[in-house]
$ cat model26.cif   # mmCIF, C-alpha atoms and all ligand atoms
data_protein
#
loop_
_atom_site.label_atom_id
_atom_site.label_comp_id
_atom_site.auth_asym_id
_atom_site.auth_seq_id
_atom_site.Cartn_x
_atom_site.Cartn_y
_atom_site.Cartn_z
CA MET A 1 2.67 23.19 12.35
CA SER A 2 2.31 19.52 11.31
CA SER A 3 3.95 18.41 8.06
CA PRO A 4 1.77 18.96 4.98
CA TYR A 5 3.09 15.66 3.55
CA LEU A 6 1.53 12.21 4.02
CA THR A 7 2.19 8.71 2.78
CA LEU A 8 -0.94 6.88 1.68
CA ASN A 9 -1.46 3.25 0.69
CA VAL A 10 -3.38 2.48 -2.50
CA VAL A 11 -6.12 0.10 -1.29
CA GLU A 12 -8.30 -0.22 -4.39
CA ILE A 13 -8.50 0.96 -8.00
CA THR A 14 -11.85 1.22 -9.78
CA GLN A 15 -11.97 1.58 -13.56
CA GLU A 16 -14.66 4.21 -14.21
CA THR A 17 -14.50 4.57 -18.00
CA SER A 18 -11.99 3.52 -20.66
CA ASP A 19 -9.82 6.51 -19.77
CA ALA A 20 -10.58 7.25 -16.12
CA ALA A 21 -10.02 5.37 -12.87
CA THR A 22 -10.57 6.02 -9.19
CA ILE A 23 -7.62 5.40 -6.86
CA HIS A 24 -8.68 4.72 -3.26
CA PHE A 25 -6.22 5.46 -0.45
CA GLU A 26 -5.87 4.90 3.28
CA ARG A 27 -3.23 5.83 5.79
CA ALA A 28 -1.27 2.84 7.07
CA ASP A 29 -2.72 3.36 10.57
CA ARG A 30 -6.23 3.76 9.07
CA GLN A 31 -6.66 7.10 10.81
CA PRO A 32 -8.88 9.56 8.89
CA VAL A 33 -7.20 12.36 6.95
CA ALA A 34 -8.77 15.76 7.67
CA CYS A 35 -10.50 17.07 4.54
CA GLN A 36 -13.54 18.93 3.30
CA PRO A 37 -15.82 17.92 0.43
CA GLY A 38 -14.46 19.43 -2.80
CA GLN A 39 -10.81 19.70 -1.71
CA PHE A 40 -7.92 18.19 -3.66
CA LEU A 41 -4.91 16.01 -2.91
CA THR A 42 -1.52 16.74 -4.42
CA LEU A 43 0.13 13.56 -5.66
CA ILE A 44 3.93 13.61 -5.75
CA LEU A 45 5.28 11.04 -8.19
CA PRO A 46 8.81 10.21 -9.38
CA CYS A 47 7.81 10.19 -13.04
CA GLY A 48 9.68 13.22 -14.35
CA PRO A 49 12.89 13.05 -16.42
CA GLY A 50 15.55 11.14 -14.44
CA GLY A 51 12.99 10.25 -11.76
CA LYS A 52 12.33 13.89 -10.88
CA LYS A 53 9.32 14.29 -8.62
CA GLU A 54 6.26 15.76 -10.32
CA ARG A 55 3.24 17.16 -8.51
CA ARG A 56 -0.33 17.32 -9.73
CA ALA A 57 -3.58 18.22 -7.99
CA TYR A 58 -6.45 15.71 -8.04
CA SER A 59 -9.78 16.59 -6.47
CA LEU A 60 -11.18 14.21 -3.92
CA SER A 61 -14.08 12.24 -5.35
CA SER A 62 -14.66 10.84 -1.85
CA THR A 63 -16.30 12.66 1.05
CA PRO A 64 -15.16 12.87 4.68
CA GLY A 65 -18.05 10.48 5.49
CA GLU A 66 -16.13 7.69 3.69
CA ALA A 67 -13.12 7.98 6.05
CA PRO A 68 -10.64 6.42 6.54
CA ARG A 69 -10.75 6.11 2.75
CA LEU A 70 -9.90 8.94 0.42
CA ALA A 71 -10.25 8.71 -3.34
CA VAL A 72 -9.19 10.64 -6.39
CA THR A 73 -10.41 10.01 -9.93
CA VAL A 74 -7.91 10.52 -12.72
CA LYS A 75 -8.77 11.03 -16.38
CA ARG A 76 -6.12 10.35 -18.98
CA VAL A 77 -4.83 13.48 -20.72
CA SER A 78 -3.38 12.68 -24.13
CA GLY A 79 0.41 12.98 -23.86
CA GLY A 80 0.13 13.97 -20.18
CA LEU A 81 2.98 12.87 -17.91
CA VAL A 82 1.28 12.20 -14.59
CA SER A 83 -2.21 11.09 -15.62
CA ASN A 84 -0.72 8.38 -17.87
CA TYR A 85 1.77 7.32 -15.21
CA LEU A 86 -1.00 7.00 -12.63
CA LEU A 87 -3.36 5.08 -14.88
CA ASP A 88 -0.68 2.78 -16.29
CA THR A 89 1.57 2.03 -13.34
CA VAL A 90 -0.10 2.55 -9.97
CA ARG A 91 -1.19 -0.69 -8.32
CA VAL A 92 -2.99 -1.74 -5.13
CA GLY A 93 -0.50 -2.03 -2.26
CA GLN A 94 1.71 0.79 -3.54
CA GLN A 95 2.53 3.74 -1.30
CA LEU A 96 2.23 7.27 -2.66
CA GLU A 97 3.53 10.53 -1.29
CA VAL A 98 0.87 13.22 -1.18
CA MET A 99 0.32 16.69 0.19
CA ALA A 100 -2.62 16.84 2.61
CA PRO A 101 -5.98 18.02 1.21
CA LEU A 102 -6.20 21.71 0.32
CA GLY A 103 -8.51 24.01 -1.58
CA ASN A 104 -11.37 26.44 -1.15
CA PHE A 105 -13.87 24.89 -3.57
CA THR A 106 -15.68 23.33 -0.66
CA LEU A 107 -19.06 23.02 0.92
CA GLN A 108 -19.43 22.59 4.67
CA PRO A 109 -22.55 20.46 5.23
CA GLN A 110 -24.90 21.80 7.91
CA PRO A 111 -27.65 19.30 8.81
CA GLN A 112 -30.20 21.99 9.75
CA LEU A 113 -30.09 23.67 6.32
CA ALA A 114 -32.67 23.06 3.56
CA ARG A 115 -30.99 24.44 0.46
CA SER A 116 -30.79 23.86 -3.29
CA ILE A 117 -27.35 22.97 -4.52
CA VAL A 118 -26.73 23.03 -8.27
CA LEU A 119 -23.59 21.32 -9.55
CA VAL A 120 -22.55 21.95 -13.15
CA GLY A 121 -19.64 19.95 -14.52
CA ALA A 122 -18.15 18.31 -17.55
CA GLY A 123 -15.69 15.44 -18.02
CA SER A 124 -13.27 15.01 -15.12
CA GLY A 125 -14.76 18.15 -13.54
CA ILE A 126 -17.27 15.79 -11.94
CA THR A 127 -14.74 14.77 -9.25
CA PRO A 128 -15.09 17.58 -6.66
CA LEU A 129 -18.80 17.82 -7.53
CA MET A 130 -19.22 14.13 -6.65
CA SER A 131 -17.57 14.74 -3.30
CA ILE A 132 -19.89 17.68 -2.58
CA LEU A 133 -22.95 15.82 -3.88
CA LYS A 134 -22.39 12.81 -1.60
CA ALA A 135 -21.69 15.05 1.40
CA VAL A 136 -24.94 17.00 0.95
CA LEU A 137 -27.04 13.88 0.40
CA ARG A 138 -25.59 12.18 3.49
CA GLU A 139 -25.40 15.10 5.84
CA GLU A 140 -28.07 17.63 4.89
CA PRO A 141 -31.29 15.58 4.83
CA GLN A 142 -33.48 18.54 3.85
CA SER A 143 -31.33 19.81 0.97
CA GLN A 144 -31.79 19.08 -2.75
CA VAL A 145 -29.07 18.54 -5.32
CA LEU A 146 -29.25 19.02 -9.08
CA LEU A 147 -26.26 17.77 -11.09
CA VAL A 148 -25.96 18.93 -14.69
CA TYR A 149 -23.20 16.82 -16.23
CA GLY A 150 -21.78 17.27 -19.72
CA ASN A 151 -19.92 14.54 -21.60
CA ARG A 152 -19.14 13.51 -25.15
CA ASN A 153 -21.40 10.44 -24.96
CA GLU A 154 -22.89 7.86 -22.61
CA ALA A 155 -19.62 5.88 -22.41
CA SER A 156 -17.62 8.88 -21.20
CA VAL A 157 -19.76 9.41 -18.09
CA ILE A 158 -17.65 8.93 -14.96
CA PHE A 159 -19.61 7.54 -11.96
CA GLY A 160 -22.63 6.68 -14.19
CA GLN A 161 -23.65 3.67 -12.13
CA GLN A 162 -23.01 5.35 -8.77
CA LEU A 163 -25.15 8.29 -9.84
CA ARG A 164 -28.02 6.00 -10.84
CA GLN A 165 -27.80 4.25 -7.45
CA LEU A 166 -27.71 7.54 -5.57
CA GLU A 167 -30.73 8.82 -7.54
CA GLN A 168 -32.68 5.77 -6.35
CA GLN A 169 -31.37 5.89 -2.79
CA TYR A 170 -32.08 9.61 -2.43
CA ALA A 171 -35.20 9.72 -4.63
CA GLY A 172 -36.62 13.22 -4.80
CA ARG A 173 -33.45 14.79 -3.39
CA LEU A 174 -30.98 14.13 -6.21
CA GLN A 175 -31.69 14.97 -9.83
CA VAL A 176 -29.17 14.25 -12.58
CA GLU A 177 -29.36 15.76 -16.06
CA HIS A 178 -26.90 14.49 -18.65
CA VAL A 179 -25.83 16.60 -21.62
CA TYR A 180 -24.12 14.70 -24.46
CA SER A 181 -22.33 16.48 -27.29
CA GLN A 182 -22.18 13.32 -29.44
CA PRO A 183 -24.68 10.78 -28.04
CA THR A 184 -24.50 7.24 -29.36
CA GLN A 185 -27.98 6.23 -28.19
CA GLY A 186 -31.43 7.69 -28.74
CA PRO A 187 -32.80 10.47 -26.56
CA ALA A 188 -34.03 9.49 -23.10
CA ALA A 189 -35.51 11.29 -20.11
CA HIS A 190 -33.12 13.72 -18.42
CA GLN A 191 -30.72 13.62 -21.32
CA HIS A 192 -29.93 16.51 -23.60
CA THR A 193 -28.03 16.69 -26.84
CA GLY A 194 -25.53 19.40 -27.69
CA ARG A 195 -23.06 21.49 -25.75
CA LEU A 196 -23.52 22.27 -22.10
CA ASN A 197 -24.04 25.97 -22.81
CA ARG A 198 -26.16 28.75 -21.33
CA THR A 199 -29.30 27.81 -23.29
CA THR A 200 -29.17 24.19 -22.14
CA LEU A 201 -28.53 25.18 -18.55
CA LEU A 202 -31.32 27.77 -18.53
CA ARG A 203 -33.73 25.18 -19.95
CA ILE A 204 -32.78 22.58 -17.35
CA LEU A 205 -33.03 25.00 -14.42
CA GLU A 206 -36.48 26.04 -15.62
CA GLN A 207 -37.68 22.47 -16.19
CA ARG A 208 -36.42 21.41 -12.77
CA GLN A 209 -38.01 24.48 -11.16
CA ILE A 210 -34.87 25.47 -9.36
CA PRO A 211 -35.28 28.64 -7.25
CA ALA A 212 -32.43 30.10 -9.28
CA ALA A 213 -31.49 33.18 -7.27
CA GLN A 214 -31.57 31.30 -3.94
CA ALA A 215 -29.63 28.19 -4.99
CA GLU A 216 -25.89 27.70 -4.50
CA TYR A 217 -23.83 26.82 -7.57
CA PHE A 218 -20.59 24.88 -7.97
CA LEU A 219 -18.99 24.81 -11.43
CA CYS A 220 -16.10 22.61 -12.54
CA GLY A 221 -15.10 21.86 -16.10
CA PRO A 222 -13.48 23.44 -19.15
CA GLU A 223 -13.21 27.22 -19.16
CA GLY A 224 -15.80 27.60 -21.96
CA MET A 225 -18.40 25.58 -20.10
CA MET A 226 -17.88 27.53 -16.89
CA ALA A 227 -18.14 30.85 -18.74
CA GLU A 228 -21.43 29.72 -20.33
CA ALA A 229 -22.81 28.59 -16.97
CA LYS A 230 -21.81 31.85 -15.34
CA ALA A 231 -23.50 33.83 -18.12
CA ALA A 232 -26.73 31.82 -17.64
CA LEU A 233 -26.66 32.42 -13.88
CA GLU A 234 -26.06 36.12 -14.37
CA LEU A 235 -29.12 36.26 -16.64
CA LEU A 236 -31.12 34.71 -13.81
CA GLY A 237 -29.86 37.32 -11.37
CA VAL A 238 -27.85 34.88 -9.24
CA PRO A 239 -25.57 36.88 -6.92
CA ALA A 240 -21.86 36.31 -7.66
CA GLU A 241 -21.18 35.07 -4.13
CA ARG A 242 -23.50 32.10 -4.76
CA ILE A 243 -21.37 30.91 -7.68
CA ARG A 244 -18.17 28.96 -6.98
CA ARG A 245 -15.81 27.56 -9.61
CA GLU A 246 -12.77 25.31 -9.83
CA SER A 247 -10.40 25.19 -12.82
CA PHE A 248 -8.18 22.21 -13.58
CA VAL A 249 -6.38 23.96 -16.45
CA ALA A 250 -5.24 27.54 -16.84
CA ALA A 251 -7.42 29.38 -19.35
CA ALA A 252 -5.45 29.82 -22.57
CA GLU A 253 -6.89 33.32 -23.04
CA THR A 254 -5.75 34.34 -19.57
CA MET A 255 -2.24 33.06 -20.18
CA GLU A 256 -2.08 34.87 -23.51
CA ALA A 257 -3.32 38.07 -21.90
CA ALA A 258 -0.69 37.76 -19.20
CA ALA A 259 2.06 37.17 -21.73
CA ALA A 260 0.91 40.13 -23.79
CA GLN A 261 1.06 42.58 -20.89
CA PRO A 262 3.49 41.25 -18.34
CA ASN A 263 3.28 44.30 -16.11
CA GLY A 264 -0.39 44.99 -16.26
CA HIS A 265 -2.25 41.84 -15.33
CA GLY A 266 -3.16 40.65 -11.88
CA ASP A 267 -0.89 42.96 -9.96
CA VAL A 268 -1.72 42.79 -6.30
CA SER A 269 -1.46 46.54 -6.00
CA SER A 270 -3.12 48.60 -8.66
CA ASP A 271 -1.48 51.59 -10.35
CA ASP A 272 1.83 49.80 -10.20
CA ASP A 273 4.53 50.91 -12.58
CA GLY A 274 7.13 48.38 -11.45
CA LYS A 275 8.98 46.21 -13.95
CA ILE A 276 9.85 42.54 -13.80
CA VAL A 277 13.61 42.65 -13.25
CA THR A 278 15.88 40.66 -10.92
CA ARG A 279 14.91 41.50 -7.35
CA ASN A 280 15.21 40.05 -3.86
CA VAL A 281 12.17 38.76 -2.00
CA THR A 282 11.67 37.66 1.59
CA ILE A 283 9.47 34.67 2.38
CA ASN A 284 8.30 33.74 5.87
CA TYR A 285 7.27 30.10 6.09
CA GLU A 286 6.89 27.80 9.08
CA GLY A 287 8.85 30.09 11.41
CA SER A 288 11.83 30.57 9.04
CA GLU A 289 12.73 33.60 6.95
CA TYR A 290 14.21 33.10 3.48
CA GLN A 291 15.71 35.89 1.39
CA PHE A 292 16.61 35.17 -2.21
CA GLU A 293 16.88 36.62 -5.68
CA VAL A 294 14.23 36.12 -8.36
CA THR A 295 15.24 36.63 -11.99
CA PRO A 296 12.72 37.78 -14.64
CA GLN A 297 12.71 34.24 -16.07
CA GLN A 298 11.65 32.73 -12.74
CA THR A 299 8.54 32.83 -10.64
CA ILE A 300 9.06 33.33 -6.92
CA LEU A 301 8.31 29.62 -6.37
CA GLU A 302 10.80 28.51 -9.02
CA ALA A 303 13.53 30.64 -7.46
CA ALA A 304 12.77 29.12 -4.04
CA LEU A 305 12.75 25.55 -5.35
CA ASP A 306 16.06 26.11 -7.19
CA LEU A 307 17.52 26.92 -3.76
CA ASP A 308 15.89 23.80 -2.22
CA ILE A 309 13.55 25.92 -0.13
CA ASP A 310 10.67 23.53 0.43
CA LEU A 311 7.62 25.76 -0.06
CA PRO A 312 4.19 24.14 -0.49
CA TYR A 313 2.88 23.91 -4.05
CA SER A 314 0.82 21.74 -6.33
CA CYS A 315 -0.45 22.89 -9.75
CA GLN A 316 2.25 25.55 -10.45
CA ALA A 317 -0.33 27.28 -12.63
CA GLY A 318 -2.10 29.71 -10.29
CA LEU A 319 -5.17 27.52 -9.99
CA CYS A 320 -5.11 25.53 -6.78
CA THR A 321 -3.90 28.03 -4.09
CA ALA A 322 -1.53 25.49 -2.48
CA CYS A 323 1.24 28.13 -2.69
CA ARG A 324 -0.90 31.02 -1.45
CA GLY A 325 0.75 33.66 0.71
CA LYS A 326 -0.01 37.11 2.00
CA CYS A 327 2.03 39.98 0.64
CA LEU A 328 3.04 41.98 3.72
CA SER A 329 5.00 44.60 1.81
CA GLY A 330 5.89 45.49 -1.78
CA LYS A 331 4.11 44.66 -5.00
CA VAL A 332 3.80 41.37 -6.86
CA HIS A 333 2.70 40.70 -10.43
CA LEU A 334 0.65 37.52 -10.97
CA ASP A 335 0.68 35.84 -14.40
CA GLU A 336 -2.61 34.13 -13.49
CA ARG A 337 -5.08 34.76 -10.67
CA GLU A 338 -7.81 32.18 -11.31
CA GLY A 339 -7.34 30.61 -7.86
CA LEU A 340 -7.84 33.86 -5.94
CA SER A 341 -11.16 35.57 -5.26
CA ASP A 342 -11.48 39.34 -5.59
CA ALA A 343 -11.67 39.55 -1.79
CA GLU A 344 -8.39 37.62 -1.43
CA MET A 345 -6.72 39.87 -4.01
CA LYS A 346 -7.86 42.94 -2.06
CA GLN A 347 -6.46 41.45 1.15
CA GLY A 348 -3.07 41.11 -0.52
CA TYR A 349 -2.97 37.37 -1.11
CA VAL A 350 -0.64 36.18 -3.87
CA LEU A 351 0.22 32.87 -5.53
CA VAL A 352 3.98 32.49 -5.54
CA CYS A 353 3.92 29.91 -8.37
CA VAL A 354 2.85 32.63 -10.79
CA GLY A 355 4.25 35.62 -8.87
CA HIS A 356 7.08 38.01 -9.79
CA PRO A 357 8.34 40.79 -7.49
CA LEU A 358 7.68 44.25 -8.89
CA THR A 359 9.39 46.13 -6.08
CA SER A 360 12.49 45.47 -4.00
CA ASP A 361 10.70 45.26 -0.65
CA VAL A 362 8.47 42.23 -1.25
CA VAL A 363 7.77 40.21 1.90
CA ILE A 364 5.36 37.27 1.67
CA GLU A 365 4.05 35.17 4.53
CA ILE A 366 3.03 31.65 3.54
CA GLY A 367 0.84 29.36 5.63
C1 LIG B 1 -7.32 22.02 -8.32
C2 LIG B 1 -7.16 20.95 -9.39
C3 LIG B 1 -7.86 19.77 -9.30
C4 LIG B 1 -7.73 18.78 -10.29
N1 LIG B 1 -8.46 17.63 -10.18
C5 LIG B 1 -8.37 16.70 -11.15
C6 LIG B 1 -9.17 15.50 -11.07
O1 LIG B 1 -9.94 15.30 -10.13
N2 LIG B 1 -9.04 14.58 -12.06
C7 LIG B 1 -8.19 14.78 -13.12
O2 LIG B 1 -8.11 13.88 -13.97
N3 LIG B 1 -7.44 15.89 -13.21
C8 LIG B 1 -7.50 16.85 -12.25
N4 LIG B 1 -6.73 17.98 -12.35
C9 LIG B 1 -5.77 18.09 -13.46
C10 LIG B 1 -4.45 17.39 -13.04
O3 LIG B 1 -3.83 18.09 -11.97
C11 LIG B 1 -3.44 17.34 -14.17
O4 LIG B 1 -3.25 18.63 -14.68
C12 LIG B 1 -3.88 16.41 -15.30
O5 LIG B 1 -3.99 15.08 -14.82
C13 LIG B 1 -2.85 16.45 -16.44
O6 LIG B 1 -1.60 16.14 -15.92
P1 LIG B 1 -0.53 15.40 -16.82
O7 LIG B 1 0.76 15.36 -16.07
O8 LIG B 1 -1.08 14.10 -17.30
O9 LIG B 1 -0.43 16.36 -18.07
P2 LIG B 1 0.77 17.39 -18.38
O10 LIG B 1 1.97 16.60 -18.78
O11 LIG B 1 0.90 18.32 -17.21
O12 LIG B 1 0.12 18.21 -19.57
C14 LIG B 1 0.07 17.73 -20.89
C15 LIG B 1 -0.79 18.66 -21.74
O13 LIG B 1 -2.17 18.50 -21.41
C16 LIG B 1 -2.78 19.74 -21.05
N5 LIG B 1 -3.69 19.46 -19.93
C17 LIG B 1 -3.35 19.39 -18.62
N6 LIG B 1 -4.42 19.08 -17.87
C18 LIG B 1 -5.44 18.94 -18.72
C19 LIG B 1 -6.82 18.61 -18.53
N7 LIG B 1 -7.34 18.35 -17.31
N8 LIG B 1 -7.59 18.55 -19.65
C20 LIG B 1 -7.07 18.79 -20.86
N9 LIG B 1 -5.79 19.11 -21.09
C21 LIG B 1 -4.99 19.19 -20.04
C22 LIG B 1 -1.62 20.61 -20.63
O14 LIG B 1 -1.93 21.99 -20.84
C23 LIG B 1 -0.51 20.13 -21.53
O15 LIG B 1 -0.60 20.74 -22.77
C24 LIG B 1 -6.85 18.98 -11.38
C25 LIG B 1 -6.12 20.17 -11.45
C26 LIG B 1 -6.26 21.15 -10.49
C27 LIG B 1 -5.48 22.43 -10.60
S1 LIG B 2 0.80 25.83 -6.80
FE1 LIG B 2 -1.30 25.89 -7.38
S2 LIG B 2 -1.74 28.03 -7.27
FE2 LIG B 2 0.37 27.92 -6.93
#

$ encode --input "model26.cif" --output "C-alpha cells"
Amino acid sequence: MSSPYLTLNVVEITQETSDAATIHFERADRQPVACQPGQFLTLILPCGPGGKKERRAYSLSSTPGEAPRLAVTVKRVSGGLVSNYLLDTVRVGQQLEVMAPLGNFTLQPQPQLARSIVLVGAGSGITPLMSILKAVLREEPQSQVLLVYGNRNEASVIFGQQLRQLEQQYAGRLQVEHVYSQPTQGPAAHQHTGRLNRTTLLRILEQRQIPAAQAEYFLCGPEGMMAEAKAALELLGVPAERIRRESFVAAAETMEAAAAQPNGHGDVSSDDDGKIVTRNVTINYEGSEYQFEVTPQQTILEAALDLDIDLPYSCQAGLCTACRGKCLSGKVHLDEREGLSDAEMKQGYVLVCVGHPLTSDVVIEIG
C-alpha cells in the first residue's frame, strides 16, 4: 500500500472573506493527487504545544478537474489552534505535510446523467459543496445544481464572486439562493432573510420547482441547520439514501448523550453488557499486527499513538472516517458515530478515535 502521507507546496493563497482564505497546493512534481469531489485533506502542522504536530481535516474546495492543483478553504475559529495558525502563518512557497484525500461525502460525476443536485450549506460548510458543484457543472452537462447557502450577511459569503461567475457561465444549470440571518443590505432576488431552517428550505425548493423526491441532496453546515434541512426533506418524502451529510464539528448533544451513558451509545454490537475497563485490543494495519492495552481513559487510537503506532487519523472526533476499521471480533463502544452510516455500523465498521473495547477479544482491521 502506498504511503497515505504527501508533501504539498503552497502555490497561492486567496483571501475569500475577512476570516476565510483558500490555500492552493501542488505536488512538487506537479503530478495530480487522486481525489473525489467532496473529499477532505488532513493537514499536519507543528503548531501544538512544544511544536507537537496537530492534524485537522479541511474539505477540498477544488475539484479533480483543477488538477494538479488542490485547494482547501479555511475559516477562522475563534481561539482555534490550527485555523488561526494556517490563516496567520502559512505563506506561498511553504511545504505542508498532509494525509492524502479521504472521505465518503462525495459525488462521482457521470456525464450521461441528467439529475438535480441540491446543495445546502452554511458558513465554511460551503467548501465540499463547492467542490461537488464545480464537478457537476463541468462534467455532467445535463444536470442541474441548486445551492442554498446560509450566512450571517453578504460580507460573510465565501466564494461570492466565483458563484456569480459560475451562475453566468452555466446559466440555467446553476441556481444560487442566499439566506442571510443578519443582512446589511436591502432584499434582492434570490436572497432570503432569517435562519436557514425547514420553512425557508421548503419555500426555496417549491419556488425553484425542484423535483424534491428525485433530487440528490448534500448537506454541510452546523448541526442545527442540517437537522432542519433533513426535517424539510423528510416532509417532502425524500428517501434517506438521497440525503448525504458532512459534519465539521461533533454535535454537542451527541457528545453529552455519549458521556451520560458510556456503555449504551453507538455500540457496534447491540445488546452488549460489556463495561469500559482496561482491555487488550489487536489491530491489523498495513500487514502488521499490533496488540496493546487500552485504559478506560483512552480511546483505541490514543492508546496506539501513545505507543508510537502510526495509525491513520484526522479529526479525532468520530466525524471524518480517516481512522475507520472493521471489527473482526469482539465488541467496541463508540462515543460518537456521526461519520458512519447505518449500513457501515451493521457491517461492523468502527472509528478507533472514539472507540473503546468492551470485550477482551477485539480485533480491528484498518485500511
Ligand atoms: C471532515 C471535516 C472537514 C472539514 N472541513 C473544513 C473546511 O473545509 N474548512 C474549515 O474551515 N474547517 C473545516 N473543518 C473543521 C476543521 O477541521 C477544524 O476543526 C477547524 O478549523 C477548527 O480547528 P482549530 O484547530 O482552529 O480549532 P480547535 O483548537 O480544534 O477548537 C477550538 C474550539 O472551536 C470549536 N470548533 C472547532 N471547529 C469548529 C468549527 N468549524 N466551527 C465552530 N467551532 C468550532 C471546538 O469545539 C473548540 O471548542 C472540517 C472538519 C472535518 C471533520
Ligand atoms: S479520525 Fe476522524 S473519525 Fe476518527

$ closest_residue --input "model26.cif" --among "A:Gln291, A:Thr7, A:Ser83, A:Gln36" --to "ligand LIG 1 (chain B)" --atoms "all atoms listed in the file"
A:Ser83

$ closest_atom_pairs --input "model26.cif" --of "chain A" --to "ligand LIG 1 (chain B)" --cutoff "6 Å" --atoms "all atoms listed in the file" --output "CSV"
residue,atom,partner,partner_atom,distance
A:Phe40,CA,B:LIG1,C3,5.9
A:Arg56,CA,B:LIG1,O3,4.2
A:Ala57,CA,B:LIG1,O3,4.0
A:Tyr58,CA,B:LIG1,N1,3.5
A:Ser59,CA,B:LIG1,O1,3.9
A:Thr73,CA,B:LIG1,N2,5.2
A:Val74,CA,B:LIG1,O2,3.6
A:Lys75,CA,B:LIG1,O2,3.8
A:Val77,CA,B:LIG1,O8,5.1
A:Gly79,CA,B:LIG1,C14,5.6
A:Gly80,CA,B:LIG1,O8,3.1
A:Leu81,CA,B:LIG1,O7,3.8
A:Val82,CA,B:LIG1,O7,3.5
A:Ser83,CA,B:LIG1,O8,3.6
A:Asn84,CA,B:LIG1,O8,5.8
A:Ser124,CA,B:LIG1,N2,5.2
A:Thr127,CA,B:LIG1,O1,4.9
A:Phe248,CA,B:LIG1,C25,3.6
A:Val249,CA,B:LIG1,N6,5.4
A:Cys315,CA,B:LIG1,C27,5.1
A:Leu319,CA,B:LIG1,C27,5.1
A:Cys320,CA,B:LIG1,C1,4.4

$ atom_distance --input "model26.cif" --atom1 "atom CA of Ala67 of chain A" --atom2 "atom CA of Gln15 of chain A"
20.7 Å

$ residues_near_ligand --input "model26.cif" --ligand "ligand LIG 2 (chain B)" --cutoff "7 Å" --atoms "all atoms listed in the file" --output "compact mmCIF listing (two decimals) with C-alpha atoms, keeping the file's coordinate frame"
# COMPACT_ATOMS: atom_id res chain seq x y z
CA TYR A 313 2.88 23.91 -4.05
CA SER A 314 0.82 21.74 -6.33
CA CYS A 315 -0.45 22.89 -9.75
CA GLN A 316 2.25 25.55 -10.45
CA ALA A 317 -0.33 27.28 -12.63
CA GLY A 318 -2.10 29.71 -10.29
CA LEU A 319 -5.17 27.52 -9.99
CA CYS A 320 -5.11 25.53 -6.78
CA THR A 321 -3.90 28.03 -4.09
CA ALA A 322 -1.53 25.49 -2.48
CA CYS A 323 1.24 28.13 -2.69
CA ARG A 324 -0.90 31.02 -1.45
CA GLY A 339 -7.34 30.61 -7.86
CA LEU A 351 0.22 32.87 -5.53
CA VAL A 352 3.98 32.49 -5.54
CA CYS A 353 3.92 29.91 -8.37
CA VAL A 354 2.85 32.63 -10.79

$ residues_around --input "model26.cif" --residues "Gly125 of chain A" --least-positions-apart "5" --cutoff "8 Å" --atoms "only C-alpha atoms" --output "VMD selection string"
chain A and resid 220 to 222 248

$ closest_atom_pairs --input "model26.cif" --of "segment 208-327 of chain A" --to "segment 110-116 of chain A" --cutoff "8 Å" --atoms "all atoms listed in the file" --output "CSV"
residue,atom,partner,partner_atom,distance
A:Ile210,CA,A:Ser116,CA,7.5
A:Pro211,CA,A:Ser116,CA,7.7
A:Gln214,CA,A:Ser116,CA,7.5
A:Ala215,CA,A:Ser116,CA,4.8
A:Glu216,CA,A:Ser116,CA,6.3
